[in-house]
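J.: Okay, here's the structure, questions in a sec.
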Amino acid sequence: MRIMHTLFSRGFAGTERATAEMCNACAGEHEVTLVLQKRHRASNGVSIRDHLDDRVRVIEVSRWFPAWGLARAIRDHRPEIIHTHLRKSTRLVARLKPRCPTIATLHMWVNGPQFLEMDGLIVIAQWQKRDLERYRGRIFDINESLIPTPKVEAEQRYHLRELAGAGETEFLIGGVGRLAKSKGFDTLIRAFEQAAIPDTKLVIIGDGRERKRLEKLAQSDSAGKIRFLGFRPDAKAFYQAFDLFVSPSRSEPLGRVLFEAIDAGTPVLATATQGPSEILVRYPGTLVPIDDVDAMSAALRSLATQRPARKDHDLSAYHLENVVRETLRAYRELIEARGNAPAA
């Protein structure tokens, strides 16, 4: 099957990780192309390109005339299906009206009419369907993908905690994500400082435009209990070093980081945003209201006192191989609906 993905974002966060995983997983048996804008690296230099298998063909188009470059890529490589990610690339594909079927993953919400012009939509959370009452295409319920992280050895766990500034007996609270206002790390910092829990450290892993502001906010931490580690390619390993993972987002369509924490067996505290409100019904965790410093502070104190045990959970429904199988099935269904048999 000739599969084309389009993604015109920068950096490497949840959407980029999911797209890279799907491209890589399909590239062994299918002809996979990913179309990016030339300006795909974030200010810290990270990009999806660094996480792609060599078998994935990458086409970079001009940021000034992306439609022209995308149209040429479609004409030259004749995809049987185009899979779009996020608003900009979906808008351009909708405008070009290619002959092959199109499908978009709703990594967030329907934030533009272009999504409703796709032949198919992949929803990764049930709440997303509220925006699809007038949609006439095909809706596919397909989970967010997860590649389980191998268990870290005791020595590595000690090293990760050391990098986070925590000793073996201290309670280590971790946050992972893009440092943007929507992720609410300022709420977490304020709640942590207000909680004033003895023998407890907070580490935040990730980078973004809010980093300097967050570091300034944490300057009152004279005891050095808050540490920023920036972007780390080994971020997933840190979940096994945390005693508690916190997702303080103001908006979180699903929350890939929650699945990574649950996969590590780490107790979870999250704000009652869209995705976590669904996830923490199926898996154990604590929810607090959005932007409520007092409630989060109280929850941090309670969980640090309880020190809940790590637990194993069955996340096989989210494992990449199962998500890939469901996605390929969706591709074939859309291609066959157009009257063309997909390539093997």
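Identifiers in this document derive from the order of the structure tokens: chains are assigned A, B, ..., residues are numbered from 1 separately in each chain, and ligands are numbered from 1 in order of occurrence.
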Using only C-alpha atoms, tabulate the residues of segment 144-236 of chain A lying at most 9 Å from any atom of segment 261-278 of chain A, each with its closest atom pair and that distance in Å to one decimal, by chain and increasing residue number, as JSON lines.
T.:
```
{"residue": "A:Leu146", "atom": "CA", "partner": "A:Asp263", "partner_atom": "CA", "distance": 8.8}
{"residue": "A:Pro148", "atom": "CA", "partner": "A:Asp263", "partner_atom": "CA", "distance": 6.6}
{"residue": "A:Thr149", "atom": "CA", "partner": "A:Ala264", "partner_atom": "CA", "distance": 7.4}
{"residue": "A:Pro150", "atom": "CA", "partner": "A:Ala264", "partner_atom": "CA", "distance": 8.9}
{"residue": "A:Lys151", "atom": "CA", "partner": "A:Ala264", "partner_atom": "CA", "distance": 7.9}
{"residue": "A:Lys236", "atom": "CA", "partner": "A:Ala261", "partner_atom": "CA", "distance": 8.2}
```
J.: Leaving out Leu86 of chain A and any residue of its chain fewer than 3 positions from it, which residues lie within 8 Å of it when counting only C-alpha atoms, given as JSON, numbers by chain?
T.: {"A": [7, 8, 9, 89, 90, 104, 105, 106, 107, 108]}
J.: Please determine, counting only C-alpha atoms, which residue among A:Gly28, A:Gly120, A:Gly175, A:Gly339 has the shortest atom-to-atom distance to Phe242 of chain A.
T.: A:Gly175
J.: Please identify the strand (DSSP E) residues within segment 233-326 of chain A (assignment by DSSP from backbone atoms) and present them as an MDAnalysis selection string.
T.: chainID A and resid 244:247 268:271 286:288
J.: Residues of the last selection are to be written out with C-alpha atoms, as a tab-separated table (two decimals), in the first residue's frame.
T.:
```
chain	number	residue	atom	x	y	z
A	244	LEU	CA	4.09	10.13	41.37
A	245	PHE	CA	3.37	11.46	37.89
A	246	VAL	CA	1.35	14.68	37.53
A	247	SER	CA	-0.45	15.99	34.43
A	268	VAL	CA	-1.06	9.33	38.46
A	269	LEU	CA	-2.53	12.69	39.45
A	270	ALA	CA	-4.17	14.72	36.68
A	271	THR	CA	-6.48	17.64	36.11
A	286	THR	CA	-6.58	10.96	41.09
A	287	LEU	CA	-8.37	13.83	39.36
A	288	VAL	CA	-8.44	17.45	40.56
```
J.: Please provide the set of residues having any atom within 12 Å of Pro79 of chain A, restricted to only C-alpha atoms, with same-chain residues fewer than 3 positions apart removed, written as a PyMOL selection string.
T.: chain A and resi 1-6+30-35+70-76+82-83+98-102+331+335+342-343
J.: For the residues in that selection, give me C-alpha atoms as a PDB file, in the first residue's frame.
T.:
```
ATOM      1  CA  MET A   1       0.000   0.000   0.000  1.00  0.00           C
ATOM      2  CA  ARG A   2       1.257   3.501  -0.826  1.00  0.00           C
ATOM      3  CA  ILE A   3       0.618   5.603   2.299  1.00  0.00           C
ATOM      4  CA  MET A   4       1.295   9.330   2.604  1.00  0.00           C
ATOM      5  CA  HIS A   5       1.278  11.148   5.947  1.00  0.00           C
ATOM      6  CA  THR A   6       1.275  14.942   6.207  1.00  0.00           C
ATOM      7  CA  HIS A  30       4.289  -0.636   2.832  1.00  0.00           C
ATOM      8  CA  GLU A  31       5.573   2.354   0.879  1.00  0.00           C
ATOM      9  CA  VAL A  32       5.382   5.191   3.415  1.00  0.00           C
ATOM     10  CA  THR A  33       5.953   8.882   2.697  1.00  0.00           C
ATOM     11  CA  LEU A  34       5.881  11.697   5.248  1.00  0.00           C
ATOM     12  CA  VAL A  35       5.483  15.274   4.018  1.00  0.00           C
ATOM     13  CA  LEU A  70       2.346  19.034  -1.370  1.00  0.00           C
ATOM     14  CA  ALA A  71       0.506  18.881  -4.712  1.00  0.00           C
ATOM     15  CA  ARG A  72       3.733  17.874  -6.431  1.00  0.00           C
ATOM     16  CA  ALA A  73       4.439  15.182  -3.820  1.00  0.00           C
ATOM     17  CA  ILE A  74       0.962  13.728  -4.329  1.00  0.00           C
ATOM     18  CA  ARG A  75       1.356  13.798  -8.110  1.00  0.00           C
ATOM     19  CA  ASP A  76       4.820  12.187  -8.044  1.00  0.00           C
ATOM     20  CA  ILE A  82      -3.373  10.293   2.594  1.00  0.00           C
ATOM     21  CA  HIS A  83      -3.311  10.464   6.399  1.00  0.00           C
ATOM     22  CA  PRO A  98      -6.754  14.548  -4.121  1.00  0.00           C
ATOM     23  CA  ARG A  99      -8.169  11.608  -6.042  1.00  0.00           C
ATOM     24  CA  CYS A 100      -7.285   9.122  -3.320  1.00  0.00           C
ATOM     25  CA  PRO A 101      -9.216   8.873  -0.034  1.00  0.00           C
ATOM     26  CA  THR A 102      -8.113  10.971   2.922  1.00  0.00           C
ATOM     27  CA  TYR A 331      -7.141   2.586   5.201  1.00  0.00           C
ATOM     28  CA  ILE A 335      -9.782   2.659  -0.402  1.00  0.00           C
ATOM     29  CA  PRO A 342      -5.487  -1.508  -2.009  1.00  0.00           C
ATOM     30  CA  ALA A 343      -2.029  -2.755  -2.834  1.00  0.00           C
TER      31      ALA A 343
END
```
J.: Using Å and a single decimal, report how far atom CA of Met22 of chain A sits from atom CA of Arg55 of chain A.
T.: 12.5 Å
J.: With distances taken over only C-alpha atoms, which residue among A:Ala191, A:Ala25, A:Thr169, A:Val110 lies nearest Glu133 of chain A?
T.: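 So, comparing all the options, the nearest one is A:Val110.
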J.: Quick check, in Å to one decimal: how far apart do atom CA of Asp243 of chain A and atom CA of Pro198 of chain A lie?
T.: 14.4 Å
J.: Go through segment 103-253 of chain A and collect every residue that DSSP, computed from the backbone, puts in alpha helix (DSSP H); the answer should be as number ranges by chain.
T.: A: 154-163, 185-195, 211-217, 235-238
J.: For the residues in that selection, give me C-alpha atoms as a CSV table (one decimal), in the first residue's frame.
T.:
```csv
chain,number,residue,atom,x,y,z
A,154,ALA,CA,17.9,-0.6,39.9
A,155,GLU,CA,21.2,1.1,39.0
A,156,GLN,CA,19.6,3.0,36.1
A,157,ARG,CA,16.7,4.0,38.3
A,158,TYR,CA,19.1,5.4,40.9
A,159,HIS,CA,20.9,7.3,38.2
A,160,LEU,CA,17.6,8.8,36.8
A,161,ARG,CA,16.5,9.9,40.3
A,162,GLU,CA,20.0,11.4,40.8
A,163,LEU,CA,19.5,13.5,37.6
A,185,PHE,CA,3.0,23.5,34.8
A,186,ASP,CA,2.7,26.8,36.5
A,187,THR,CA,-0.2,25.4,38.5
A,188,LEU,CA,1.9,22.4,39.4
A,189,ILE,CA,4.8,24.5,40.6
A,190,ARG,CA,2.5,26.7,42.7
A,191,ALA,CA,0.8,23.7,44.2
A,192,PHE,CA,4.1,22.0,45.0
A,193,GLU,CA,5.5,25.0,46.7
A,194,GLN,CA,2.2,25.5,48.7
A,195,ALA,CA,2.2,21.9,49.8
A,211,ARG,CA,10.4,27.4,30.1
A,212,LYS,CA,12.0,30.7,31.2
A,213,ARG,CA,8.8,31.9,32.8
A,214,LEU,CA,8.4,28.6,34.7
A,215,GLU,CA,12.0,28.7,35.9
A,216,LYS,CA,11.5,32.3,37.1
A,217,LEU,CA,8.3,31.2,38.9
A,235,ALA,CA,12.0,10.8,29.0
A,236,LYS,CA,10.0,7.6,29.0
A,237,ALA,CA,12.5,5.9,31.2
A,238,PHE,CA,12.0,8.5,33.9
```
J.: Can you work out the spacing between atom CA of Pro248 of chain A and atom CA of Pro308 of chain A in Å, to one decimal?
T.: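 Here the two named atoms are 19.1 Å from each other.
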